[in-house]
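Engineer: Pasting final.cif here (mmCIF, C-alpha atoms):
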data_target
loop_
_atom_site.label_atom_id
_atom_site.label_comp_id
_atom_site.auth_asym_id
_atom_site.auth_seq_id
_atom_site.Cartn_x
_atom_site.Cartn_y
_atom_site.Cartn_z
CA MET A 800 -14.28 4.59 16.14
CA PRO A 801 -17.42 2.95 14.83
CA HIS A 802 -17.43 -0.81 15.45
CA ASP A 803 -19.92 -2.97 13.61
CA ASP A 804 -22.52 -0.24 13.83
CA PRO A 805 -25.26 -0.81 11.25
CA ASP A 806 -25.74 2.97 11.09
CA HIS A 807 -22.32 4.01 9.84
CA PRO A 808 -22.32 7.79 9.39
CA HIS A 809 -21.16 7.47 5.76
CA SER A 810 -24.58 6.03 4.91
CA LEU A 811 -25.95 9.55 5.43
CA LEU A 812 -24.03 10.80 2.36
CA PRO A 813 -25.60 10.60 -1.12
CA PRO A 814 -25.42 7.11 -2.68
CA ASP A 815 -23.80 8.26 -5.93
CA PRO A 816 -20.00 8.20 -5.43
CA ALA A 817 -19.28 11.48 -7.21
CA LEU A 818 -21.96 13.27 -5.17
CA ARG A 819 -20.71 11.56 -2.03
CA VAL A 820 -17.22 13.03 -2.49
CA LYS A 821 -18.65 16.40 -3.49
CA ALA A 822 -20.78 16.53 -0.34
CA LEU A 823 -17.84 15.76 1.91
CA GLU A 824 -15.61 18.26 0.11
CA THR A 825 -18.31 20.92 0.47
CA ILE A 826 -18.77 20.31 4.18
CA LEU A 827 -15.04 20.33 4.90
CA THR A 828 -14.45 23.41 2.77
CA ARG A 829 -17.30 25.38 4.39
CA LYS A 830 -15.97 24.47 7.80
CA GLY A 831 -12.56 25.72 6.78
CA LEU A 832 -11.02 22.30 7.32
CA ILE A 833 -9.70 21.89 3.79
CA ASP A 834 -8.61 24.32 1.09
CA PRO A 835 -9.81 23.43 -2.45
CA ALA A 836 -6.60 24.93 -3.88
CA ALA A 837 -4.60 22.41 -1.84
CA LEU A 838 -6.72 19.62 -3.32
CA ASP A 839 -5.88 20.86 -6.81
CA ALA A 840 -2.18 20.90 -5.91
CA ILE A 841 -2.33 17.32 -4.59
CA ILE A 842 -4.05 16.13 -7.78
CA ASP A 843 -1.55 17.97 -9.97
CA THR A 844 1.32 16.37 -8.07
CA TYR A 845 0.15 12.81 -8.68
CA GLU A 846 -1.17 13.43 -12.19
CA ASN A 847 1.82 15.30 -13.52
CA LYS A 848 4.85 15.22 -11.22
CA ILE A 849 5.10 11.86 -9.45
CA GLY A 850 4.78 8.66 -11.45
CA PRO A 851 6.51 5.47 -12.62
CA ARG A 852 9.17 7.37 -14.58
CA ASN A 853 10.83 8.04 -11.21
CA GLY A 854 11.17 4.31 -10.61
CA ALA A 855 12.28 3.75 -14.20
CA HIS A 856 15.08 6.24 -13.62
CA VAL A 857 16.26 4.28 -10.57
CA VAL A 858 16.12 0.94 -12.42
CA ALA A 859 17.88 2.27 -15.54
CA ARG A 860 20.69 3.60 -13.38
CA ALA A 861 20.93 0.30 -11.51
CA TRP A 862 21.24 -1.51 -14.83
CA SER A 863 24.00 0.76 -16.07
CA ASP A 864 25.96 1.42 -12.87
CA PRO A 865 26.95 -1.68 -10.85
CA ALA A 866 28.12 0.34 -7.82
CA PHE A 867 24.77 2.17 -7.77
CA LYS A 868 22.93 -1.16 -7.86
CA VAL A 869 24.94 -2.50 -4.93
CA ARG A 870 24.04 0.58 -2.87
CA LEU A 871 20.39 0.41 -4.00
CA LEU A 872 20.10 -3.20 -2.84
CA GLU A 873 21.78 -2.32 0.46
CA ASP A 874 19.86 0.86 1.32
CA ALA A 875 17.23 1.83 -1.22
CA THR A 876 15.76 4.58 0.99
CA ALA A 877 19.04 6.50 1.07
CA VAL A 878 19.66 6.05 -2.64
CA VAL A 879 16.21 7.15 -3.83
CA SER A 880 16.35 10.08 -1.40
CA GLU A 881 19.53 11.31 -3.09
CA LEU A 882 17.63 11.28 -6.39
CA GLY A 883 14.78 13.29 -4.83
CA TYR A 884 12.28 10.44 -4.74
CA TYR A 885 11.68 10.26 -1.01
CA GLY A 886 8.18 11.05 0.27
CA ARG A 887 4.76 9.93 1.39
CA GLN A 888 4.30 6.15 1.03
CA GLY A 889 7.96 5.69 0.23
CA GLU A 890 9.57 6.35 3.61
CA HIS A 891 11.09 2.87 3.89
CA MET A 892 12.17 1.52 0.51
CA VAL A 893 13.61 -1.90 -0.27
CA ALA A 894 14.74 -2.87 -3.78
CA VAL A 895 14.61 -6.54 -4.82
CA GLU A 896 16.28 -7.86 -7.95
CA ASN A 897 14.87 -10.35 -10.43
CA THR A 898 17.26 -13.03 -11.66
CA ASP A 899 17.06 -16.25 -13.67
CA VAL A 900 16.21 -18.13 -10.46
CA THR A 901 13.94 -15.65 -8.62
CA HIS A 902 11.07 -13.49 -9.85
CA ASN A 903 9.81 -10.93 -7.33
CA MET A 904 6.25 -9.64 -7.22
CA VAL A 905 4.60 -7.14 -4.86
CA VAL A 906 1.09 -7.05 -3.41
CA CYS A 907 -0.66 -5.65 -0.35
CA THR A 908 -3.35 -8.13 0.66
CA LEU A 909 -4.65 -6.00 3.54
CA CYS A 910 -5.07 -2.69 1.68
CA SER A 911 -3.11 -1.37 -1.30
CA CYS A 912 0.30 -0.26 -0.05
CA TYR A 913 2.47 0.93 -2.92
CA PRO A 914 5.66 3.02 -3.32
CA TRP A 915 4.05 6.31 -4.39
CA PRO A 916 7.22 8.43 -4.80
CA LEU A 917 8.67 5.91 -7.27
CA LEU A 918 5.59 4.57 -9.05
CA GLY A 919 2.86 7.16 -8.42
CA ILE A 920 -0.72 6.22 -7.55
CA PRO A 921 -1.33 2.48 -8.03
CA PRO A 922 -3.28 1.22 -11.06
CA THR A 923 -6.85 0.02 -10.56
CA TRP A 924 -5.93 -3.66 -10.76
CA TYR A 925 -3.35 -3.34 -7.97
CA LYS A 926 -6.15 -2.09 -5.70
CA SER A 927 -8.66 -4.72 -6.88
CA ASP A 928 -9.93 -7.57 -4.73
CA ALA A 929 -8.81 -10.04 -7.41
CA TYR A 930 -5.16 -8.97 -7.25
CA ARG A 931 -5.12 -8.68 -3.46
CA ALA A 932 -6.83 -12.04 -2.92
CA ARG A 933 -5.09 -14.12 -5.56
CA THR A 934 -1.46 -12.98 -5.80
CA VAL A 935 -0.17 -14.66 -2.64
CA ARG A 936 -1.79 -18.01 -3.49
CA GLU A 937 -1.46 -18.15 -7.27
CA ALA A 938 1.08 -15.62 -8.42
CA ARG A 939 1.74 -17.57 -11.62
CA ALA A 940 -1.93 -17.58 -12.58
CA VAL A 941 -2.04 -13.82 -11.94
CA LEU A 942 1.08 -13.39 -14.10
CA ALA A 943 -0.72 -15.30 -16.85
CA ASP A 944 -3.50 -12.66 -16.70
CA PHE A 945 -0.73 -10.22 -17.66
CA GLY A 946 0.53 -12.49 -20.42
CA VAL A 947 3.68 -13.39 -18.49
CA ASN A 948 4.73 -17.03 -18.30
CA LEU A 949 7.81 -17.83 -16.23
CA PRO A 950 10.06 -20.81 -16.83
CA GLN A 951 9.70 -23.68 -14.33
CA GLU A 952 13.24 -23.13 -13.03
CA THR A 953 12.31 -19.64 -11.83
CA ALA A 954 10.86 -19.43 -8.31
CA VAL A 955 8.36 -16.69 -7.46
CA ARG A 956 8.84 -14.65 -4.32
CA VAL A 957 5.77 -12.57 -3.47
CA TRP A 958 6.23 -9.62 -1.11
CA ASP A 959 3.04 -8.84 0.85
CA SER A 960 3.60 -5.27 2.14
CA THR A 961 2.08 -5.59 5.58
CA ALA A 962 4.13 -2.77 7.16
CA GLU A 963 5.32 0.65 5.95
CA VAL A 964 8.18 -0.92 3.98
CA ARG A 965 7.62 -0.47 0.22
CA TYR A 966 9.21 -2.68 -2.41
CA LEU A 967 10.62 -1.83 -5.82
CA VAL A 968 11.30 -4.73 -8.17
CA ILE A 969 14.38 -4.35 -10.34
CA PRO A 970 13.41 -6.27 -13.48
CA GLN A 971 16.00 -8.22 -15.44
CA ARG A 972 17.79 -6.13 -18.02
CA PRO A 973 16.50 -7.28 -21.41
CA ALA A 974 18.72 -8.85 -24.04
CA GLY A 975 19.73 -6.44 -26.77
CA SER A 976 19.93 -3.45 -24.42
CA GLU A 977 23.72 -3.57 -24.17
CA GLY A 978 25.30 -0.20 -24.77
CA LEU A 979 22.09 1.80 -24.38
CA GLU A 980 22.29 5.05 -22.43
CA GLU A 981 20.28 5.62 -19.24
CA ALA A 982 17.55 7.60 -21.04
CA ALA A 983 17.01 4.83 -23.59
CA LEU A 984 17.04 2.18 -20.85
CA MET A 985 14.29 4.07 -18.99
CA ASN A 986 11.96 3.46 -21.94
CA LEU A 987 12.31 -0.29 -21.38
CA VAL A 988 11.21 -0.11 -17.74
CA THR A 989 7.44 -0.40 -17.39
CA ARG A 990 5.40 0.28 -14.28
CA ASP A 991 4.27 -3.36 -14.22
CA SER A 992 7.87 -4.61 -14.44
CA MET A 993 8.64 -2.70 -11.23
CA ILE A 994 5.68 -4.36 -9.45
CA GLY A 995 6.64 -7.75 -10.87
CA THR A 996 3.51 -8.32 -12.96
CA GLY A 997 5.46 -7.57 -16.12
CA LEU A 998 8.94 -7.86 -17.61
CA ALA A 999 11.09 -5.09 -18.98
CA LEU A 1000 10.55 -4.41 -22.68
CA ALA A 1001 12.94 -5.59 -25.36
CA PRO A 1002 14.48 -2.60 -27.19
CA LYS A 1003 12.52 -3.45 -30.35
CA ASP A 1004 9.23 -3.22 -28.40
CA ALA A 1005 9.92 0.12 -26.70
CA SER A 1006 8.29 3.18 -28.18
CA MET B 753 -12.26 -12.54 14.35
CA SER B 754 -11.92 -11.37 10.76
CA ARG B 755 -12.79 -8.29 8.77
CA PRO B 756 -13.55 -8.08 5.07
CA HIS B 757 -10.23 -6.50 4.07
CA ASP B 758 -8.26 -9.61 5.05
CA MET B 759 -8.71 -11.38 1.71
CA GLY B 760 -5.28 -12.87 0.91
CA GLY B 761 -5.67 -16.38 -0.56
CA ARG B 762 -9.45 -16.13 -0.98
CA TYR B 763 -11.03 -18.03 -3.90
CA GLY B 764 -13.46 -16.74 -6.47
CA ASP B 765 -12.31 -13.25 -7.41
CA GLY B 766 -11.87 -13.80 -11.12
CA PRO B 767 -9.20 -12.43 -13.43
CA VAL B 768 -6.94 -9.43 -12.85
CA ILE B 769 -7.53 -6.92 -15.62
CA PRO B 770 -4.30 -5.18 -16.73
CA GLU B 771 -4.33 -1.49 -17.44
CA ALA B 772 -2.21 0.77 -19.62
CA GLU B 773 0.28 3.08 -17.97
CA GLY B 774 -0.38 6.82 -17.92
CA LYS B 775 -3.98 7.14 -16.76
CA VAL B 776 -3.75 8.08 -13.09
CA PHE B 777 -7.39 8.82 -12.27
CA HIS B 778 -10.30 7.24 -14.15
CA ALA B 779 -12.83 9.82 -12.94
CA ASP B 780 -12.58 13.32 -11.53
CA TRP B 781 -14.15 12.19 -8.28
CA HIS B 782 -11.38 9.61 -7.77
CA ALA B 783 -8.85 12.42 -7.78
CA ARG B 784 -11.01 14.55 -5.44
CA ALA B 785 -11.48 11.58 -3.08
CA LEU B 786 -7.73 11.04 -2.82
CA ALA B 787 -7.06 14.75 -2.32
CA VAL B 788 -9.84 15.28 0.26
CA THR B 789 -8.54 12.31 2.24
CA LEU B 790 -4.94 13.55 2.23
CA ALA B 791 -5.91 17.14 3.03
CA ALA B 792 -8.19 16.09 5.91
CA GLY B 793 -5.43 13.82 7.23
CA ALA B 794 -3.04 16.78 7.32
CA HIS B 795 -4.79 18.02 10.48
CA GLY B 796 -2.98 15.22 12.30
CA LYS B 797 -6.11 14.04 14.12
CA TRP B 798 -5.38 10.43 13.15
CA ASN B 799 -2.48 8.34 11.92
CA ILE B 800 -2.22 5.86 9.03
CA ASP B 801 -3.15 2.92 11.26
CA VAL B 802 -6.33 4.64 12.46
CA SER B 803 -7.34 5.43 8.87
CA ARG B 804 -6.64 1.85 7.73
CA HIS B 805 -8.73 0.55 10.61
CA ALA B 806 -11.57 2.91 9.68
CA ARG B 807 -11.65 1.30 6.19
CA GLU B 808 -11.53 -2.18 7.68
CA CYS B 809 -14.51 -1.31 9.91
CA LEU B 810 -16.79 -0.74 6.95
CA ALA B 811 -19.60 -3.29 6.97
CA PRO B 812 -18.59 -6.33 4.86
CA MET B 813 -21.41 -5.64 2.41
CA ASP B 814 -20.22 -2.06 1.93
CA TYR B 815 -16.58 -3.13 1.68
CA ALA B 816 -17.43 -5.63 -1.04
CA ARG B 817 -19.61 -3.35 -3.16
CA PHE B 818 -17.64 -0.10 -2.81
CA SER B 819 -14.96 0.76 -5.32
CA TYR B 820 -11.56 1.71 -3.95
CA TYR B 821 -12.12 5.44 -3.50
CA GLU B 822 -15.67 4.91 -2.21
CA LYS B 823 -14.06 2.96 0.62
CA TRP B 824 -11.76 5.90 1.29
CA ILE B 825 -14.59 8.44 1.39
CA ALA B 826 -16.89 6.26 3.49
CA ALA B 827 -14.15 5.60 6.04
CA LEU B 828 -13.18 9.27 6.08
CA ALA B 829 -16.79 10.30 6.77
CA ASP B 830 -17.04 7.78 9.61
CA LEU B 831 -13.74 8.96 11.05
CA LEU B 832 -14.66 12.66 10.87
CA VAL B 833 -17.87 12.00 12.79
CA ALA B 834 -16.13 9.71 15.30
CA ILE B 835 -13.62 12.43 16.22
CA ASP B 836 -16.29 15.14 16.05
CA LEU B 837 -14.88 17.26 13.24
CA VAL B 838 -18.13 16.78 11.30
CA SER B 839 -21.60 15.96 12.65
CA ALA B 840 -23.99 13.30 11.39
CA ARG B 841 -26.46 16.11 10.75
CA GLU B 842 -23.97 17.86 8.46
CA LEU B 843 -23.39 14.63 6.52
CA SER B 844 -27.11 14.14 6.01
CA ARG B 845 -27.57 17.79 4.94
CA GLY B 846 -24.52 17.67 2.67
CA ASP B 847 -23.48 21.05 4.01
CA ALA B 848 -21.86 22.64 7.06
CA ASP B 849 -23.98 23.90 9.96
CA ALA B 850 -21.70 26.86 10.61
CA THR B 851 -18.87 28.46 8.65
CA PRO B 852 -15.95 28.34 9.14
CA ARG B 853 -14.87 27.03 12.50
CA ALA B 854 -11.30 26.07 11.67
CA ARG B 855 -8.51 26.86 9.27
CA ALA B 856 -7.24 24.47 6.62
CA THR B 857 -3.96 22.99 7.82
CA LEU B 858 -2.76 22.17 4.35
CA GLN B 859 -2.33 25.15 2.02
CA ALA B 860 -1.69 24.74 -1.69
CA ARG B 861 1.79 26.25 -1.44
CA ASP B 862 2.79 23.62 1.14
CA VAL B 863 1.51 20.52 -0.70
CA SER B 864 4.79 19.57 -2.40
CA ALA B 865 6.78 19.94 0.79
CA VAL B 866 4.28 17.95 2.87
CA LEU B 867 4.11 15.07 0.38
CA ALA B 868 7.89 15.06 0.05
CA LYS B 869 8.35 15.00 3.82
CA GLY B 870 6.36 11.78 4.25
CA GLY B 871 5.74 10.14 7.59
CA PRO B 872 8.38 7.59 8.51
CA ALA B 873 7.30 4.79 10.87
CA ASP B 874 10.69 3.82 12.29
CA ARG B 875 11.19 4.77 15.94
CA PRO B 876 13.73 4.04 18.64
CA SER B 877 12.66 1.15 20.86
CA ASP B 878 13.98 -0.42 24.03
CA ILE B 879 12.69 -3.81 22.87
CA ALA B 880 15.72 -5.83 21.77
CA ALA B 881 15.57 -7.85 18.56
CA THR B 882 15.32 -11.51 19.55
CA PHE B 883 15.55 -12.95 16.02
CA LYS B 884 18.24 -12.76 13.40
CA THR B 885 18.32 -13.50 9.69
CA GLY B 886 17.93 -17.23 9.08
CA ASP B 887 15.98 -17.95 12.28
CA ALA B 888 12.86 -20.10 12.05
CA VAL B 889 9.80 -18.38 13.50
CA ARG B 890 6.12 -19.21 13.92
CA THR B 891 3.43 -16.57 13.62
CA ARG B 892 0.64 -16.09 16.14
CA ARG B 893 -1.89 -18.86 15.54
CA ILE B 894 -4.89 -16.56 15.46
CA ALA B 895 -4.44 -13.43 13.36
CA ALA B 896 -6.08 -11.02 15.77
CA ASN B 897 -5.22 -7.95 17.78
CA THR B 898 -4.43 -9.23 21.30
CA LEU B 899 -5.12 -5.84 22.93
CA VAL B 900 -8.44 -4.80 21.39
CA ASP B 901 -11.23 -7.22 20.47
CA GLY B 902 -11.88 -6.81 16.76
CA GLY B 903 -8.96 -4.40 16.59
CA HIS B 904 -6.45 -3.68 13.87
CA THR B 905 -3.55 -5.99 13.10
CA ARG B 906 -1.17 -6.46 10.17
CA LEU B 907 -0.88 -10.24 10.42
CA PRO B 908 -3.05 -11.61 7.60
CA ARG B 909 -5.22 -14.62 8.38
CA TYR B 910 -3.61 -16.74 5.67
CA ALA B 911 -0.24 -16.57 7.46
CA ALA B 912 -1.49 -17.25 11.00
CA GLY B 913 0.26 -20.13 12.77
CA ALA B 914 2.71 -20.65 9.91
CA VAL B 915 6.44 -21.35 10.17
CA GLY B 916 8.81 -19.18 8.15
CA ARG B 917 12.35 -17.89 8.28
CA VAL B 918 13.61 -14.40 8.90
CA VAL B 919 15.11 -12.91 5.72
CA ARG B 920 15.36 -9.23 6.69
CA PHE B 921 15.51 -6.98 9.72
CA HIS B 922 13.89 -3.58 9.09
CA GLY B 923 14.76 -1.92 12.40
CA THR B 924 12.15 -0.94 15.00
CA HIS B 925 8.78 0.41 13.79
CA VAL B 926 5.49 1.69 15.23
CA LEU B 927 3.22 -1.25 16.16
CA PRO B 928 -0.09 -0.81 14.27
CA ASP B 929 -2.01 -2.94 16.79
CA ARG B 930 -1.41 -0.17 19.34
CA SER B 931 -1.20 2.87 17.14
CA ALA B 932 -4.59 2.27 15.49
CA HIS B 933 -6.29 2.45 18.88
CA GLY B 934 -4.57 5.37 20.59
CA LEU B 935 -2.52 3.01 22.77
CA GLY B 936 0.80 4.62 21.90
CA GLU B 937 3.31 3.76 19.21
CA GLY B 938 4.88 0.77 20.98
CA ALA B 939 7.72 0.54 18.47
CA GLU B 940 9.27 -2.92 18.26
CA PRO B 941 11.51 -4.91 15.90
CA LEU B 942 10.09 -5.54 12.42
CA TYR B 943 11.21 -8.43 10.22
CA GLY B 944 10.72 -9.69 6.70
CA VAL B 945 9.72 -13.35 7.11
CA ALA B 946 9.63 -15.78 4.16
CA PHE B 947 7.08 -18.62 4.09
CA ALA B 948 7.21 -21.52 1.65
CA ALA B 949 4.06 -21.58 -0.49
CA SER B 950 3.59 -25.18 0.69
CA GLU B 951 3.40 -23.93 4.30
CA LEU B 952 0.57 -21.54 3.41
CA TRP B 953 -1.46 -23.33 0.74
CA ALA B 954 -2.80 -26.85 0.28
CA HIS B 955 -2.01 -26.78 -3.43
CA PRO B 956 1.00 -24.54 -4.05
CA GLU B 957 1.66 -23.63 -7.66
CA HIS B 958 5.36 -24.45 -7.52
CA PRO B 959 7.53 -26.16 -4.88
CA ARG B 960 10.03 -23.30 -4.60
CA ASP B 961 7.64 -20.34 -4.53
CA GLU B 962 7.37 -18.31 -1.35
CA VAL B 963 5.63 -15.32 0.22
CA VAL B 964 7.44 -12.74 2.34
CA LEU B 965 5.57 -10.70 4.96
CA ASP B 966 6.73 -7.84 7.15
CA LEU B 967 5.89 -8.90 10.70
CA TRP B 968 6.40 -7.34 14.11
CA GLN B 969 8.30 -9.24 16.80
CA SER B 970 5.21 -9.67 19.00
CA TYR B 971 3.52 -11.56 16.14
CA LEU B 972 6.32 -14.16 16.23
CA ALA B 973 7.65 -16.97 18.42
CA PRO B 974 10.71 -19.18 17.92
CA ALA B 975 9.90 -22.28 15.85
#
In structure tokens, what does this structure look like?

Structural biologist:
Amino acid sequence: MPHDDPDHPHSLLPPDPALRVKALETILTRKGLIDPAALDAIIDTYENKIGPRNGAHVVARAWSDPAFKVRLLEDATAVVSELGYYGRQGEHMVAVENTDVTHNMVVCTLCSCYPWPLLGIPPTWYKSDAYRARTVREARAVLADFGVNLPQETAVRVWDSTAEVRYLVIPQRPAGSEGLEEAALMNLVTRDSMIGTGLALAPKDAS
Amino acid sequence: MSRPHDMGGRYGDGPVIPEAEGKVFHADWHARALAVTLAAGAHGKWNIDVSRHARECLAPMDYARFSYYEKWIAALADLLVAIDLVSARELSRGDADATPRARATLQARDVSAVLAKGGPADRPSDIAATFKTGDAVRTRRIAANTLVDGGHTRLPRYAAGAVGRVVRFHGTHVLPDRSAHGLGEGAEPLYGVAFAASELWAHPEHPRDEVVLDLWQSYLAPA
């Protein structure tokens, strides 16, 4: 491992980021170490197959099925596995529920840990220095950046994912969603609401 | 004692800019960077802790100026040279010296299965859990790897020396402080520990706010 070496090997790659990646891909492909078709399959998986609709499915079911929610809060890994949402960066899942008294929010201050099988690849802001640096110290100010203002009686609990445990926030079920079927409820569950930087949509605001 | 990735609680980073749902990659090279990193990792020459440490070992100036996927690619290049899968000469040429000397481990047809299989970090351990839910604990006062100078650890600086209470037991998990340095997996009990915001920050936003961290038993002492 390189330690504080001013001549890090990566500095030998081209300075432009796109060319940098291209150079590394070329070297690894020519050496037979990677298969470009496998790269295409990985990209297709995260662009088209795995994304926040998986998490929305879990939340919508938790809203509509109390027994499911109890099991989800007890052992989220087992429950999401049954739905087919187990996988890389989601090996140890914990679900946390927002209530009138507690609002949960997730960050990884040390890198950008995120529950890929349920939410897909994290958005740019989740990986930004600003989110990583600020969320643990001023979660409410960060929420304000998202246009979310919590009542004073609600406490914020920030989960800093320092291990391999990944957190899914179950947002509060919005008023006016009574009687909606699971598919309609899914449309109210945003990616941000499952990270805790947003709230679930009211039915009138869902597309 | 610190590396540039350990930024929790830092001042001066400006606003968080929200982003619409649905756009996964903002440039083609972002997608390629992610895929190259995952495909190279499939050879099993390093684990997640080693790759995290490689990113942390970027020079602070590089860490600060690189975008997210530039960090990934830079760390991957450093790692490939360090374990001798790629030479510095090849990096500077932008091409391989000889072709091909290995076979891709990850084939396109296996991608779904490999991603779905994941890589769980829980392991059996003969280290007994000494804390239970509700116990008061204090974290190590200096957030540093005790085995390797400048080594990897998952105790952030902002939570060093703080008193919290155990709110969850996650079972026994691989210890990153060992695993990142080839010192074995050293699985030990892992806990979710809640800290009052007032314990961590001079000016907490709200008296009842708190931060929960996942912390290994060897990071903790009874408080």

Engineer: For the atom pair atom CA of B:Arg930 and atom CA of B:Tyr943, what is the interatomic distance in Å to one decimal place?

Structural biologist: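 Distance reported for this atom pair: 17.6 Å.
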
Engineer: Hey, which of A:Ala840, A:Ala1005, A:Val947, A:Leu827 ends up closest to A:Ala983? Count all atoms listed in the file.

Structural biologist: A:Ala1005

Engineer: Under the PyMOL selection byres ((chain A and resi 854-869) around 8), which residues of this model are included? Write them out as a PyMOL selection string.

Structural biologist: chain A and resi 850-853+870-873+879+917-918+967+969-970+972+980-982+984-986+988-990+993

Engineer: Counting all atoms listed in the file, figure out which residue out of B:Ala932, B:Glu842, B:Asp961, B:Val945 gets nearest to B:Arg890.

Structural biologist: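 Closest to B:Arg890 of all the choices is B:Val945.
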
Engineer: What is the distance between atom CA of B:Gly760 and atom CA of B:Ile825, in Å to one decimal?

Structural biologist: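 Result for atom CA of B:Gly760 versus atom CA of B:Ile825: 23.3 Å, one decimal.
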
Engineer: What would the list of residues within 7 Å of (6.0, -10.5, -4.0) (file frame) look like as a list in words, if all atoms listed in the file are what count?

Structural biologist: Asn903, Met904, Val905, Val906, Arg956, Val957, Trp958 and Asp959 of chain A; Val963 and Val964 of chain B

Engineer: So, counting all atoms listed in the file, which residue among B:Leu828, B:Ala787, B:Val900, B:Ala939 is closest to chain A?

Structural biologist: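 Among B:Leu828, B:Ala787, B:Val900, B:Ala939, it is B:Ala787 that comes nearest to chain A.
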
Engineer: Evaluate the PyMOL selection byres ((chain A and resi 926) around 10) and record the selected residues as a PyMOL selection string, following the chain and residue labels used in the document.

Structural biologist: (chain A and resi 906-908+910-913+921-925+927-931) or (chain B and resi 819-821)

Engineer: Please save C-alpha atoms of the selected residues as a CSV table (one decimal), in the coordinates of the input.

Structural biologist:
chain,number,residue,atom,x,y,z
A,906,VAL,CA,1.1,-7.0,-3.4
A,907,CYS,CA,-0.7,-5.6,-0.4
A,908,THR,CA,-3.4,-8.1,0.7
A,910,CYS,CA,-5.1,-2.7,1.7
A,911,SER,CA,-3.1,-1.4,-1.3
A,912,CYS,CA,0.3,-0.3,0.0
A,913,TYR,CA,2.5,0.9,-2.9
A,921,PRO,CA,-1.3,2.5,-8.0
A,922,PRO,CA,-3.3,1.2,-11.1
A,923,THR,CA,-6.8,0.0,-10.6
A,924,TRP,CA,-5.9,-3.7,-10.8
A,925,TYR,CA,-3.4,-3.3,-8.0
A,927,SER,CA,-8.7,-4.7,-6.9
A,928,ASP,CA,-9.9,-7.6,-4.7
A,929,ALA,CA,-8.8,-10.0,-7.4
A,930,TYR,CA,-5.2,-9.0,-7.2
A,931,ARG,CA,-5.1,-8.7,-3.5
B,819,SER,CA,-15.0,0.8,-5.3
B,820,TYR,CA,-11.6,1.7,-4.0
B,821,TYR,CA,-12.1,5.4,-3.5

Engineer: In the coordinates of the file, take the point (18.9, -10.6, -23.8) and a cut-off of 12 Å; then, counting only C-alpha atoms, name each qualifying protein, DNA or RNA residue as a ChimeraX atom specification.

Structural biologist: /A:899,971-977,999-1003

Engineer: Between B:Arg960, B:His933, B:His782, B:Arg762, which one has atoms that come closest to A:Ala817, using only C-alpha atoms?

Structural biologist: B:His782

Engineer: Please indicate the distance in Å from atom CA of A:Leu909 to atom CA of B:Ala946, rounded to one decimal place.

Structural biologist: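 The value is 17.3 Å.
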
Engineer: A:Gln888: which residues within 6 Å, counting only C-alpha atoms, same-chain residues fewer than 2 positions away excluded, as a ChimeraX atom specification?

Structural biologist: /A:890,914-915

Engineer: Mind dumping the selected residues with C-alpha atoms as a PDB file, keeping the file's coordinate frame?

Structural biologist:
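Okay, this is what ended up in part.pdb:
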ATOM      1  CA  GLU A 890       9.570   6.350   3.610  1.00  0.00           C
ATOM      2  CA  PRO A 914       5.660   3.020  -3.320  1.00  0.00           C
ATOM      3  CA  TRP A 915       4.050   6.310  -4.390  1.00  0.00           C
TER       4      TRP A 915
END

Engineer: For a quick check of understanding, using only C-alpha atoms, which of B:Ser844, B:Gln969, B:Asn897, B:Thr924 has the smallest distance to chain A?

Structural biologist: B:Ser844

Engineer: When the PyMOL selection byres ((chain A and resi 943) around 12) is applied to the structure above, which residues does it catch, written out as an NGL selection string?

Structural biologist: (:A and (934 or 937-942 or 944-949 or 996-997)) or (:B and (767-770))

Engineer: Keeping C-alpha atoms for every residue in the selection just given, could you write it to a file as a CSV table (one decimal), keeping the file's coordinate frame?

Structural biologist:
chain,number,residue,atom,x,y,z
A,934,THR,CA,-1.5,-13.0,-5.8
A,937,GLU,CA,-1.5,-18.2,-7.3
A,938,ALA,CA,1.1,-15.6,-8.4
A,939,ARG,CA,1.7,-17.6,-11.6
A,940,ALA,CA,-1.9,-17.6,-12.6
A,941,VAL,CA,-2.0,-13.8,-11.9
A,942,LEU,CA,1.1,-13.4,-14.1
A,944,ASP,CA,-3.5,-12.7,-16.7
A,945,PHE,CA,-0.7,-10.2,-17.7
A,946,GLY,CA,0.5,-12.5,-20.4
A,947,VAL,CA,3.7,-13.4,-18.5
A,948,ASN,CA,4.7,-17.0,-18.3
A,949,LEU,CA,7.8,-17.8,-16.2
A,996,THR,CA,3.5,-8.3,-13.0
A,997,GLY,CA,5.5,-7.6,-16.1
B,767,PRO,CA,-9.2,-12.4,-13.4
B,768,VAL,CA,-6.9,-9.4,-12.8
B,769,ILE,CA,-7.5,-6.9,-15.6
B,770,PRO,CA,-4.3,-5.2,-16.7

Engineer: Considering all atoms listed in the file, return as number ranges by chain whatever protein or nucleic-acid residues lie within 10 Å of B:Leu867, sequence-local ones (same chain, fewer than 2 positions apart) excluded.

Structural biologist: A: 841, 844, 885-888, 915-916; B: 790, 862-865, 869-871

Engineer: Pick the closest to chain B from A:Gly978, A:Gly883, A:Pro808, A:Pro950: which is it, counting all atoms listed in the file?

Structural biologist: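 Counting all atoms listed in the file, the residue closest to chain B is A:Pro808.
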
Engineer: May I have the residues within 12 Å of B:Gln859 as a ChimeraX atom specification, using only C-alpha atoms and disregarding those fewer than 2 positions away in the same chain?

Structural biologist: /A:831-841 /B:790-792,794-795,855-857,861-866

Engineer: Contacts of B:His958 at 9 Å or less, counting all atoms listed in the file, minus same-chain residues fewer than 3 places along, as a PyMOL selection string?

Structural biologist: (chain A and resi 939+951+954-955) or (chain B and resi 949-950+955+961-962)
